[in-house]
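> Dumping the structure here so I can ask a few things about it.
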Amino acid sequence: MHENIVINNLYAGYGRKKVLHGIDLNINKGMFGLLGRNGAGKSTLMKTLVGLLEKKSGEISVCGIDISNRKQIREIIGYLPQDFNMYPNMKVDEALKYLGTLSGMKSKLLNKRVEDVLDLINLQNDRKKKVKSLSGGMKRRLGIGQAIIHNPKVLIVDEPTAGLDPEERIRFRNILADLAEDKVVILSTHIAGDIESTSKNLAIMNEGKIVFNGKVDDLKGMARGFVYKTNIAFEDIKDFKNRYIITSQRDNGEFVEMKFLYKGSPVSSFTPVEPSIEDGYLNVLYDVSGVK
């Protein structure tokens with residue numbers, strides 16, 4: 001069986017409103033990042049891939065199966081939506097067993113699978129807690145557990161680290177990286193750092209279109225020579241932000257160190273620096289949107 005997702009000239013949306021415009025992607029086994037602003041169309045693409053939203057036109061195949069074969073697609077895809085919520089009064093292990101049963105798994109296999117998944121998501125010690133008592137990070141890990149209980153070939157996660165503390169974000173990213181060794185894993189997010197830590201390949205969406213598709217290093221390379229830093233007095237910050245695309249800032253007490261995009265002639269007070277993935281990301285959006 002093929003181990004990739006192929007999307008050709010995909011259009012999708014809600015009613016008469018088109019959200020996705022001519023999407024072309026080939027996503028292979030491993031971790032793939034989908035980066036974009038809130039409202040860029042990422043969730044619409046995820047819902048179309050898992051069969052929750054009908055495409056208007058175009059072609060999608062998942063591991064060689066046409067997206068129109070809903071039953072087969074559900075068997076090979078695991079999905080963690082952005083607004084994940086499940087069975088608050090169930091215990092953790094009960095919820096996993098219940099969802100495994102709904103997936104048609106046999107009892108003996110399911111029991112072993114539940115143990116394996118609890119180990120993977122680090123919830124063995126919390127297996128008898130009710131879902132409603134879990135922290136945000138634990139719920140997100142349980143969300144991964146329910147998505148992979150049937151051992152799918154493809155895992156799609158939508159904004160999984162939003163609202164998590166740094167420790168939980170790292171733990172969550174490590175789980176996804178482990179899963180990506182033998183699955184197609186799509187991580188949809190607006191947090192560039194999550195993708196830099198986990199993915200070699202990514203696409204950037206803006207206004208329902210793919211505006212970059214390639215390697216993380218290539219994205220950074222596109223911004224090389226356009227990223228600078230300089231020190232700005234507090235009273236000049238507002239004016240500086242109106243003139244440049246700021247990618248980060250740091251308060252040093254007497255002034256603020258600004259990191260920013262600049263494509264003009266050299267200025268003596270501007271020091272060139274190596275771009276990060278955030279710089280590359282904003283450089284692409286800057287070119288697309290024409291923001292000054």
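In the structure tokens, chains take letters A, B, ... by order of appearance, with residues numbered from 1 within each chain and ligands from 1 in the order shown.
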Quick one: residues within 7 Å of Val273 of chain A, only C-alpha atoms counted, chain neighbours fewer than 4 positions away excluded, as a count of residues only?

3

> Each residue of segment 76-106 of chain A lying at most 12 Å from segment 176-197 of chain A should get a row with its shortest atom-to-atom pair and the distance in Å to one decimal, counting only C-alpha atoms; could you produce that, ordered by chain and increasing number, as a Markdown table?


```
| residue | atom | partner | partner_atom | distance |
| --- | --- | --- | --- | --- |
| A:Ile76 | CA | A:Lys183 | CA | 10.1 |
| A:Ile77 | CA | A:Val184 | CA | 9.3 |
| A:Gly78 | CA | A:Val185 | CA | 9.4 |
| A:Tyr79 | CA | A:Ile186 | CA | 9.7 |
| A:Leu80 | CA | A:Leu187 | CA | 9.9 |
| A:Pro81 | CA | A:Ser188 | CA | 9.9 |
| A:Gln82 | CA | A:Ser188 | CA | 9.4 |
```

> Which residues in segment 21-111 of chain A does DSSP call strand (DSSP E or B)? List them as a PyMOL selection string.

chain A and resi 21-28+30-36+55-62+65-66+77-80+91

> Check the smallest atom-to-atom distance from each of A:Ser268, A:Thr247, A:Asn111, A:Asn9 to Leu96 of chain A using only C-alpha atoms, then report the winner.

A:Asn111

> Between A:Ser103, A:Thr161, A:Ser199, A:Asn252, which residue has the minimum interatomic distance to Ile277 of chain A, considering only C-alpha atoms?

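Among the listed residues, the smallest separation from Ile277 of chain A belongs to A:Ser199.
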
> Excluding segment 17-31 of chain A and any residue of its chain fewer than 4 positions from it, enumerate the residues within 10 Å of it, using only C-alpha atoms, and give them as a VMD selection string.

chain A and resid 2 to 13 39 to 42 44 to 45 48 55 to 63 153 to 155 176 to 187 195 198 to 203 205 to 211 213

> What's around Gly225 of chain A at 12 Å? Count only C-alpha atoms, leave out sequence neighbours fewer than 3 positions away in its own chain, and write the answer as a list in words.

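Returned residues: Lys220, Gly221, Met222, Tyr228, Lys229, Phe260, Leu261, Tyr262, Lys263, Gly264, Ser265, Pro266, Phe270, Thr271, Pro272, Val273, Glu274, Pro275, Asp279, Gly280 and Asn283 of chain A.
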
> Given only C-alpha atoms as the basis, pick out the residue of A:Lys112, A:Arg171, A:Arg141, A:Arg127 nearest to Asn85 of chain A.

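Among the listed residues, the smallest separation from Asn85 of chain A belongs to A:Arg141.
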
> Which one is closest to Leu120 of chain A: A:Met105, A:Ile67, A:Ile148, A:Met90? Count only C-alpha atoms.

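Looking at the shortest contact to Leu120 of chain A, the residue is A:Ile148.
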
> Pick from A:Glu115, A:Val157, A:Leu110, A:Ile245: nearest to Leu49 of chain A, with only C-alpha atoms counted?

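For Leu49 of chain A, the nearest of the candidates is A:Val157.
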
> Can you tell me, as a JSON list (two decimals) with all heavy atoms, in the first residue's frame, which residues in segment 7-131 of chain A count as alpha helix (DSSP H) by DSSP?


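Once written, selection_23.json looks like this:
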```
[["chain", "number", "residue", "atom", "x", "y", "z"],
["A", 42, "LYS", "N", -6.48, 25.95, 7.28],
["A", 42, "LYS", "CA", -5.85, 24.70, 7.73],
["A", 42, "LYS", "C", -6.90, 23.70, 8.23],
["A", 42, "LYS", "O", -6.88, 22.53, 7.85],
["A", 42, "LYS", "CB", -4.82, 24.98, 8.84],
["A", 42, "LYS", "CG", -3.73, 25.95, 8.46],
["A", 42, "LYS", "CD", -2.64, 26.06, 9.53],
["A", 42, "LYS", "CE", -3.17, 26.43, 10.91],
["A", 42, "LYS", "NZ", -3.82, 27.76, 10.94],
["A", 43, "SER", "N", -7.79, 24.15, 9.10],
["A", 43, "SER", "CA", -8.80, 23.24, 9.65],
["A", 43, "SER", "C", -9.74, 22.74, 8.57],
["A", 43, "SER", "O", -10.18, 21.57, 8.60],
["A", 43, "SER", "CB", -9.60, 23.93, 10.77],
["A", 43, "SER", "OG", -8.77, 24.17, 11.90],
["A", 44, "THR", "N", -10.06, 23.58, 7.61],
["A", 44, "THR", "CA", -10.91, 23.14, 6.49],
["A", 44, "THR", "C", -10.22, 22.03, 5.71],
["A", 44, "THR", "O", -10.85, 21.04, 5.33],
["A", 44, "THR", "CB", -11.22, 24.33, 5.56],
["A", 44, "THR", "OG1", -11.89, 25.35, 6.30],
["A", 44, "THR", "CG2", -12.10, 23.89, 4.40],
["A", 45, "LEU", "N", -8.93, 22.17, 5.47],
["A", 45, "LEU", "CA", -8.18, 21.13, 4.77],
["A", 45, "LEU", "C", -8.17, 19.84, 5.59],
["A", 45, "LEU", "O", -8.38, 18.75, 5.04],
["A", 45, "LEU", "CB", -6.75, 21.60, 4.50],
["A", 45, "LEU", "CG", -5.82, 20.59, 3.82],
["A", 45, "LEU", "CD1", -6.41, 20.09, 2.51],
["A", 45, "LEU", "CD2", -4.44, 21.20, 3.60],
["A", 46, "MET", "N", -7.94, 19.95, 6.91],
["A", 46, "MET", "CA", -7.92, 18.75, 7.76],
["A", 46, "MET", "C", -9.27, 18.04, 7.73],
["A", 46, "MET", "O", -9.34, 16.81, 7.61],
["A", 46, "MET", "CB", -7.60, 19.14, 9.21],
["A", 46, "MET", "CG", -6.25, 19.83, 9.45],
["A", 46, "MET", "SD", -4.82, 18.85, 9.01],
["A", 46, "MET", "CE", -4.53, 19.43, 7.33],
["A", 47, "LYS", "N", -10.35, 18.80, 7.83],
["A", 47, "LYS", "CA", -11.69, 18.20, 7.84],
["A", 47, "LYS", "C", -12.01, 17.54, 6.49],
["A", 47, "LYS", "O", -12.70, 16.52, 6.44],
["A", 47, "LYS", "CB", -12.74, 19.26, 8.17],
["A", 47, "LYS", "CG", -12.69, 19.72, 9.61],
["A", 47, "LYS", "CD", -13.70, 20.84, 9.88],
["A", 47, "LYS", "CE", -13.61, 21.29, 11.33],
["A", 47, "LYS", "NZ", -14.55, 22.41, 11.62],
["A", 48, "THR", "N", -11.50, 18.11, 5.42],
["A", 48, "THR", "CA", -11.70, 17.51, 4.11],
["A", 48, "THR", "C", -10.94, 16.20, 3.99],
["A", 48, "THR", "O", -11.45, 15.20, 3.46],
["A", 48, "THR", "CB", -11.27, 18.48, 2.99],
["A", 48, "THR", "OG1", -11.93, 19.74, 3.17],
["A", 48, "THR", "CG2", -11.63, 17.94, 1.62],
["A", 49, "LEU", "N", -9.72, 16.17, 4.52],
["A", 49, "LEU", "CA", -8.90, 14.96, 4.44],
["A", 49, "LEU", "C", -9.50, 13.80, 5.23],
["A", 49, "LEU", "O", -9.38, 12.64, 4.83],
["A", 49, "LEU", "CB", -7.49, 15.25, 4.96],
["A", 49, "LEU", "CG", -6.59, 16.11, 4.08],
["A", 49, "LEU", "CD1", -5.25, 16.36, 4.76],
["A", 49, "LEU", "CD2", -6.39, 15.48, 2.71],
["A", 70, "ARG", "N", -15.31, 6.40, 2.13],
["A", 70, "ARG", "CA", -15.31, 6.90, 3.51],
["A", 70, "ARG", "C", -14.94, 5.83, 4.53],
["A", 70, "ARG", "O", -14.18, 6.09, 5.47],
["A", 70, "ARG", "CB", -16.69, 7.48, 3.84],
["A", 70, "ARG", "CG", -17.08, 8.71, 3.01],
["A", 70, "ARG", "CD", -16.23, 9.91, 3.40],
["A", 70, "ARG", "NE", -16.62, 11.09, 2.67],
["A", 70, "ARG", "CZ", -17.58, 11.93, 3.04],
["A", 70, "ARG", "NH1", -18.28, 11.68, 4.14],
["A", 70, "ARG", "NH2", -17.85, 13.00, 2.34],
["A", 71, "LYS", "N", -15.51, 4.65, 4.40],
["A", 71, "LYS", "CA", -15.27, 3.60, 5.39],
["A", 71, "LYS", "C", -13.79, 3.23, 5.44],
["A", 71, "LYS", "O", -13.20, 3.13, 6.52],
["A", 71, "LYS", "CB", -16.11, 2.37, 5.08],
["A", 71, "LYS", "CG", -15.98, 1.24, 6.11],
["A", 71, "LYS", "CD", -16.92, 0.09, 5.79],
["A", 71, "LYS", "CE", -16.84, -0.99, 6.87],
["A", 71, "LYS", "NZ", -15.50, -1.59, 6.99],
["A", 72, "GLN", "N", -13.18, 3.04, 4.28],
["A", 72, "GLN", "CA", -11.76, 2.68, 4.24],
["A", 72, "GLN", "C", -10.89, 3.82, 4.75],
["A", 72, "GLN", "O", -9.89, 3.59, 5.43],
["A", 72, "GLN", "CB", -11.35, 2.32, 2.81],
["A", 72, "GLN", "CG", -11.91, 0.99, 2.32],
["A", 72, "GLN", "CD", -11.48, 0.71, 0.89],
["A", 72, "GLN", "OE1", -12.09, 1.18, -0.06],
["A", 72, "GLN", "NE2", -10.41, -0.04, 0.75],
["A", 73, "ILE", "N", -11.27, 5.04, 4.44],
["A", 73, "ILE", "CA", -10.50, 6.20, 4.89],
["A", 73, "ILE", "C", -10.52, 6.28, 6.42],
["A", 73, "ILE", "O", -9.49, 6.52, 7.06],
["A", 73, "ILE", "CB", -11.06, 7.50, 4.27],
["A", 73, "ILE", "CG1", -10.76, 7.55, 2.77],
["A", 73, "ILE", "CG2", -10.49, 8.72, 4.97],
["A", 73, "ILE", "CD1", -9.31, 7.66, 2.42],
["A", 74, "ARG", "N", -11.70, 6.06, 7.03],
["A", 74, "ARG", "CA", -11.79, 6.11, 8.50],
["A", 74, "ARG", "C", -10.92, 5.05, 9.15],
["A", 74, "ARG", "O", -10.41, 5.25, 10.26],
["A", 74, "ARG", "CB", -13.25, 5.93, 8.93],
["A", 74, "ARG", "CG", -14.13, 7.15, 8.69],
["A", 74, "ARG", "CD", -15.44, 7.02, 9.43],
["A", 74, "ARG", "NE", -16.52, 7.67, 8.71],
["A", 74, "ARG", "CZ", -17.42, 7.06, 7.98],
["A", 74, "ARG", "NH1", -17.38, 5.74, 7.87],
["A", 74, "ARG", "NH2", -18.36, 7.73, 7.35],
["A", 75, "GLU", "N", -10.77, 3.92, 8.50],
["A", 75, "GLU", "CA", -9.97, 2.83, 9.07],
["A", 75, "GLU", "C", -8.48, 3.15, 9.11],
["A", 75, "GLU", "O", -7.76, 2.61, 9.95],
["A", 75, "GLU", "CB", -10.20, 1.55, 8.25],
["A", 75, "GLU", "CG", -11.59, 0.94, 8.45],
["A", 75, "GLU", "CD", -11.85, -0.22, 7.51],
["A", 75, "GLU", "OE1", -10.98, -0.49, 6.64],
["A", 75, "GLU", "OE2", -12.90, -0.87, 7.64],
["A", 76, "ILE", "N", -8.01, 4.02, 8.23],
["A", 76, "ILE", "CA", -6.57, 4.26, 8.14],
["A", 76, "ILE", "C", -6.16, 5.64, 8.64],
["A", 76, "ILE", "O", -4.97, 5.96, 8.68],
["A", 76, "ILE", "CB", -6.05, 4.07, 6.70],
["A", 76, "ILE", "CG1", -6.67, 5.08, 5.75],
["A", 76, "ILE", "CG2", -6.28, 2.64, 6.22],
["A", 76, "ILE", "CD1", -6.02, 5.10, 4.38],
["A", 92, "VAL", "N", -10.01, 7.30, 32.00],
["A", 92, "VAL", "CA", -9.12, 7.34, 30.83],
["A", 92, "VAL", "C", -9.10, 6.02, 30.08],
["A", 92, "VAL", "O", -9.30, 5.97, 28.86],
["A", 92, "VAL", "CB", -7.69, 7.75, 31.26],
["A", 92, "VAL", "CG1", -6.70, 7.53, 30.12],
["A", 92, "VAL", "CG2", -7.67, 9.21, 31.71],
["A", 93, "ASP", "N", -8.85, 4.91, 30.80],
["A", 93, "ASP", "CA", -8.76, 3.62, 30.11],
["A", 93, "ASP", "C", -10.12, 3.19, 29.56],
["A", 93, "ASP", "O", -10.21, 2.56, 28.50],
["A", 93, "ASP", "CB", -8.15, 2.55, 31.00],
["A", 93, "ASP", "CG", -8.86, 2.36, 32.33],
["A", 93, "ASP", "OD1", -9.85, 3.07, 32.59],
["A", 93, "ASP", "OD2", -8.42, 1.48, 33.10],
["A", 94, "GLU", "N", -11.21, 3.56, 30.25],
["A", 94, "GLU", "CA", -12.55, 3.23, 29.76],
["A", 94, "GLU", "C", -12.82, 3.93, 28.43],
["A", 94, "GLU", "O", -13.39, 3.35, 27.51],
["A", 94, "GLU", "CB", -13.61, 3.64, 30.78],
["A", 94, "GLU", "CG", -13.64, 2.80, 32.04],
["A", 94, "GLU", "CD", -14.63, 3.32, 33.06],
["A", 94, "GLU", "OE1", -15.05, 4.51, 32.94],
["A", 94, "GLU", "OE2", -14.98, 2.56, 33.97],
["A", 95, "ALA", "N", -12.41, 5.20, 28.35],
["A", 95, "ALA", "CA", -12.64, 5.97, 27.13],
["A", 95, "ALA", "C", -11.90, 5.35, 25.95],
["A", 95, "ALA", "O", -12.45, 5.23, 24.85],
["A", 95, "ALA", "CB", -12.21, 7.42, 27.34],
["A", 96, "LEU", "N", -10.66, 4.93, 26.18],
["A", 96, "LEU", "CA", -9.88, 4.31, 25.10],
["A", 96, "LEU", "C", -10.50, 2.99, 24.67],
["A", 96, "LEU", "O", -10.58, 2.69, 23.47],
["A", 96, "LEU", "CB", -8.43, 4.11, 25.54],
["A", 96, "LEU", "CG", -7.59, 5.39, 25.70],
["A", 96, "LEU", "CD1", -6.21, 5.04, 26.23],
["A", 96, "LEU", "CD2", -7.48, 6.14, 24.38],
["A", 97, "LYS", "N", -10.92, 2.19, 25.64],
["A", 97, "LYS", "CA", -11.55, 0.91, 25.30],
["A", 97, "LYS", "C", -12.85, 1.11, 24.54],
["A", 97, "LYS", "O", -13.15, 0.40, 23.58],
["A", 97, "LYS", "CB", -11.79, 0.09, 26.58],
["A", 97, "LYS", "CG", -10.52, -0.49, 27.18],
["A", 97, "LYS", "CD", -10.82, -1.28, 28.45],
["A", 97, "LYS", "CE", -9.54, -1.83, 29.05],
["A", 97, "LYS", "NZ", -9.78, -2.56, 30.32],
["A", 98, "TYR", "N", -13.63, 2.08, 24.97],
["A", 98, "TYR", "CA", -14.90, 2.35, 24.30],
["A", 98, "TYR", "C", -14.68, 2.76, 22.85],
["A", 98, "TYR", "O", -15.35, 2.25, 21.93],
["A", 98, "TYR", "CB", -15.64, 3.44, 25.06],
["A", 98, "TYR", "CG", -16.96, 3.84, 24.44],
["A", 98, "TYR", "CD1", -18.02, 2.94, 24.37],
["A", 98, "TYR", "CD2", -17.14, 5.12, 23.91],
["A", 98, "TYR", "CE1", -19.23, 3.30, 23.79],
["A", 98, "TYR", "CE2", -18.34, 5.48, 23.33],
["A", 98, "TYR", "CZ", -19.38, 4.56, 23.27],
["A", 98, "TYR", "OH", -20.58, 4.92, 22.69],
["A", 99, "LEU", "N", -13.72, 3.66, 22.63],
["A", 99, "LEU", "CA", -13.45, 4.12, 21.27],
["A", 99, "LEU", "C", -12.85, 3.02, 20.41],
["A", 99, "LEU", "O", -13.13, 2.94, 19.22],
["A", 99, "LEU", "CB", -12.53, 5.35, 21.32],
["A", 99, "LEU", "CG", -13.22, 6.60, 21.87],
["A", 99, "LEU", "CD1", -12.20, 7.65, 22.26],
["A", 99, "LEU", "CD2", -14.19, 7.16, 20.86],
["A", 100, "GLY", "N", -12.05, 2.15, 21.03],
["A", 100, "GLY", "CA", -11.52, 1.01, 20.30],
["A", 100, "GLY", "C", -12.62, 0.05, 19.89],
["A", 100, "GLY", "O", -12.61, -0.50, 18.79],
["A", 101, "THR", "N", -13.59, -0.13, 20.77],
["A", 101, "THR", "CA", -14.73, -0.99, 20.45],
["A", 101, "THR", "C", -15.53, -0.41, 19.29],
["A", 101, "THR", "O", -15.96, -1.14, 18.38],
["A", 101, "THR", "CB", -15.65, -1.14, 21.68],
["A", 101, "THR", "OG1", -14.89, -1.73, 22.76],
["A", 101, "THR", "CG2", -16.84, -2.04, 21.37],
["A", 102, "LEU", "N", -15.73, 0.90, 19.30],
["A", 102, "LEU", "CA", -16.44, 1.55, 18.21],
["A", 102, "LEU", "C", -15.71, 1.39, 16.88],
["A", 102, "LEU", "O", -16.33, 1.38, 15.81],
["A", 102, "LEU", "CB", -16.62, 3.05, 18.50],
["A", 102, "LEU", "CG", -17.57, 3.43, 19.63],
["A", 102, "LEU", "CD1", -17.65, 4.94, 19.75],
["A", 102, "LEU", "CD2", -18.97, 2.85, 19.39],
["A", 107, "SER", "N", -11.60, -7.79, 21.42],
["A", 107, "SER", "CA", -11.32, -7.54, 22.83],
["A", 107, "SER", "C", -9.87, -7.79, 23.21],
["A", 107, "SER", "O", -9.23, -6.96, 23.86],
["A", 107, "SER", "CB", -12.24, -8.39, 23.71],
["A", 107, "SER", "OG", -11.98, -8.17, 25.07],
["A", 108, "LYS", "N", -9.32, -8.94, 22.80],
["A", 108, "LYS", "CA", -7.95, -9.30, 23.19],
["A", 108, "LYS", "C", -6.95, -8.30, 22.62],
["A", 108, "LYS", "O", -6.05, -7.82, 23.33],
["A", 108, "LYS", "CB", -7.62, -10.71, 22.72],
["A", 108, "LYS", "CG", -6.27, -11.21, 23.18],
["A", 108, "LYS", "CD", -6.06, -12.67, 22.77],
["A", 108, "LYS", "CE", -4.69, -13.16, 23.25],
["A", 108, "LYS", "NZ", -4.46, -14.58, 22.84],
["A", 109, "LEU", "N", -7.10, -7.98, 21.36],
["A", 109, "LEU", "CA", -6.21, -7.02, 20.72],
["A", 109, "LEU", "C", -6.38, -5.64, 21.33],
["A", 109, "LEU", "O", -5.41, -4.92, 21.58],
["A", 109, "LEU", "CB", -6.48, -6.96, 19.22],
["A", 109, "LEU", "CG", -5.73, -5.89, 18.42],
["A", 109, "LEU", "CD1", -4.22, -6.13, 18.50],
["A", 109, "LEU", "CD2", -6.20, -5.88, 16.97],
["A", 110, "LEU", "N", -7.62, -5.27, 21.62],
["A", 110, "LEU", "CA", -7.91, -3.95, 22.17],
["A", 110, "LEU", "C", -7.27, -3.76, 23.54],
["A", 110, "LEU", "O", -6.70, -2.71, 23.82],
["A", 110, "LEU", "CB", -9.42, -3.75, 22.25],
["A", 110, "LEU", "CG", -9.90, -2.43, 22.88],
["A", 110, "LEU", "CD1", -9.31, -1.24, 22.16],
["A", 110, "LEU", "CD2", -11.43, -2.38, 22.87],
["A", 111, "ASN", "N", -7.36, -4.77, 24.39],
["A", 111, "ASN", "CA", -6.77, -4.66, 25.74],
["A", 111, "ASN", "C", -5.27, -4.39, 25.67],
["A", 111, "ASN", "O", -4.75, -3.56, 26.41],
["A", 111, "ASN", "CB", -7.05, -5.93, 26.54],
["A", 111, "ASN", "CG", -8.51, -6.04, 26.95],
["A", 111, "ASN", "OD1", -9.22, -5.04, 27.04],
["A", 111, "ASN", "ND2", -8.98, -7.27, 27.17],
["A", 112, "LYS", "N", -4.59, -5.11, 24.79],
["A", 112, "LYS", "CA", -3.14, -4.89, 24.62],
["A", 112, "LYS", "C", -2.87, -3.51, 24.04],
["A", 112, "LYS", "O", -1.94, -2.81, 24.47],
["A", 112, "LYS", "CB", -2.53, -5.97, 23.73],
["A", 112, "LYS", "CG", -1.00, -5.81, 23.59],
["A", 112, "LYS", "CD", -0.42, -6.87, 22.70],
["A", 112, "LYS", "CE", 1.11, -6.79, 22.69],
["A", 112, "LYS", "NZ", 1.62, -5.43, 22.40],
["A", 113, "ARG", "N", -3.70, -3.12, 23.09],
["A", 113, "ARG", "CA", -3.50, -1.83, 22.44],
["A", 113, "ARG", "C", -3.70, -0.69, 23.43],
["A", 113, "ARG", "O", -2.96, 0.31, 23.40],
["A", 113, "ARG", "CB", -4.49, -1.70, 21.26],
["A", 113, "ARG", "CG", -4.30, -0.43, 20.44],
["A", 113, "ARG", "CD", -2.97, -0.38, 19.76],
["A", 113, "ARG", "NE", -2.82, 0.88, 19.04],
["A", 113, "ARG", "CZ", -1.65, 1.41, 18.70],
["A", 113, "ARG", "NH1", -0.52, 0.77, 18.97],
["A", 113, "ARG", "NH2", -1.59, 2.55, 18.07],
["A", 114, "VAL", "N", -4.67, -0.81, 24.31],
["A", 114, "VAL", "CA", -4.89, 0.22, 25.32],
["A", 114, "VAL", "C", -3.65, 0.39, 26.20],
["A", 114, "VAL", "O", -3.22, 1.50, 26.49],
["A", 114, "VAL", "CB", -6.13, -0.11, 26.18],
["A", 114, "VAL", "CG1", -6.17, 0.78, 27.43],
["A", 114, "VAL", "CG2", -7.40, 0.08, 25.37],
["A", 115, "GLU", "N", -3.05, -0.74, 26.61],
["A", 115, "GLU", "CA", -1.83, -0.67, 27.44],
["A", 115, "GLU", "C", -0.70, 0.02, 26.68],
["A", 115, "GLU", "O", 0.03, 0.85, 27.23],
["A", 115, "GLU", "CB", -1.41, -2.07, 27.88],
["A", 115, "GLU", "CG", -2.43, -2.79, 28.76],
["A", 115, "GLU", "CD", -2.82, -1.98, 29.98],
["A", 115, "GLU", "OE1", -1.93, -1.40, 30.63],
["A", 115, "GLU", "OE2", -4.03, -1.91, 30.29],
["A", 116, "ASP", "N", -0.53, -0.34, 25.42],
["A", 116, "ASP", "CA", 0.53, 0.26, 24.61],
["A", 116, "ASP", "C", 0.32, 1.76, 24.45],
["A", 116, "ASP", "O", 1.27, 2.55, 24.55],
["A", 116, "ASP", "CB", 0.59, -0.40, 23.23],
["A", 116, "ASP", "CG", 1.07, -1.85, 23.28],
["A", 116, "ASP", "OD1", 1.66, -2.23, 24.31],
["A", 116, "ASP", "OD2", 0.84, -2.58, 22.29],
["A", 117, "VAL", "N", -0.92, 2.14, 24.20],
["A", 117, "VAL", "CA", -1.22, 3.56, 23.99],
["A", 117, "VAL", "C", -1.05, 4.35, 25.28],
["A", 117, "VAL", "O", -0.50, 5.47, 25.27],
["A", 117, "VAL", "CB", -2.64, 3.73, 23.42],
["A", 117, "VAL", "CG1", -3.08, 5.19, 23.47],
["A", 117, "VAL", "CG2", -2.70, 3.22, 21.98],
["A", 118, "LEU", "N", -1.48, 3.80, 26.41],
["A", 118, "LEU", "CA", -1.30, 4.49, 27.69],
["A", 118, "LEU", "C", 0.18, 4.73, 27.99],
["A", 118, "LEU", "O", 0.55, 5.79, 28.51],
["A", 118, "LEU", "CB", -1.94, 3.68, 28.82],
["A", 118, "LEU", "CG", -3.46, 3.71, 28.90],
["A", 118, "LEU", "CD1", -3.96, 2.68, 29.92],
["A", 118, "LEU", "CD2", -3.98, 5.10, 29.25],
["A", 119, "ASP", "N", 1.02, 3.76, 27.65],
["A", 119, "ASP", "CA", 2.47, 3.94, 27.81],
["A", 119, "ASP", "C", 2.98, 5.06, 26.92],
["A", 119, "ASP", "O", 3.75, 5.92, 27.35],
["A", 119, "ASP", "CB", 3.21, 2.63, 27.48],
["A", 119, "ASP", "CG", 3.17, 1.64, 28.64],
["A", 119, "ASP", "OD1", 2.97, 2.08, 29.79],
["A", 119, "ASP", "OD2", 3.33, 0.43, 28.38],
["A", 120, "LEU", "N", 2.54, 5.04, 25.67],
["A", 120, "LEU", "CA", 3.03, 6.02, 24.70],
["A", 120, "LEU", "C", 2.65, 7.44, 25.10],
["A", 120, "LEU", "O", 3.48, 8.36, 25.01],
["A", 120, "LEU", "CB", 2.46, 5.70, 23.32],
["A", 120, "LEU", "CG", 2.82, 6.68, 22.20],
["A", 120, "LEU", "CD1", 4.32, 6.65, 21.92],
["A", 120, "LEU", "CD2", 2.04, 6.38, 20.94]]
```

> Atom CA of Tyr14 of chain A and atom CA of Asp83 of chain A are how many Å apart?

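Answer for the atom CA of Tyr14 of chain A to atom CA of Asp83 of chain A separation: 18.4 Å.
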
> Give the answer as one residue: which of A:Ile156, A:Ile65, A:Val256, A:Leu123 has the shortest atom-to-atom distance to Val50 of chain A, using only C-alpha atoms?

A:Ile156

> Name the residues in contact with Gly253 of chain A at a cut-off of 12 Å, using only C-alpha atoms, excluding same-chain residues fewer than 5 positions from it; report them as a list in words.

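Listing them by chain and then by number gives Asn231, Ile232, Ala233 and Phe234 of chain A.
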
> Take the residues from that selection and write them out as a short mmCIF file (atom, residue, chain, number, x, y, z; two decimals), in the first residue's frame, keeping N, CA, C and O atoms.


```cif
data_model
loop_
_atom_site.label_atom_id
_atom_site.label_comp_id
_atom_site.auth_asym_id
_atom_site.auth_seq_id
_atom_site.Cartn_x
_atom_site.Cartn_y
_atom_site.Cartn_z
N ASN A 231 18.88 48.01 18.17
CA ASN A 231 18.38 48.49 19.46
C ASN A 231 17.54 49.75 19.25
O ASN A 231 17.98 50.69 18.57
N ILE A 232 16.35 49.75 19.85
CA ILE A 232 15.42 50.86 19.68
C ILE A 232 15.05 51.43 21.04
O ILE A 232 14.76 50.68 21.98
N ALA A 233 15.08 52.76 21.15
CA ALA A 233 14.64 53.42 22.39
C ALA A 233 13.14 53.22 22.56
O ALA A 233 12.40 53.11 21.57
N PHE A 234 12.69 53.18 23.81
CA PHE A 234 11.29 52.90 24.09
C PHE A 234 10.35 53.88 23.38
O PHE A 234 9.29 53.48 22.87
#
```
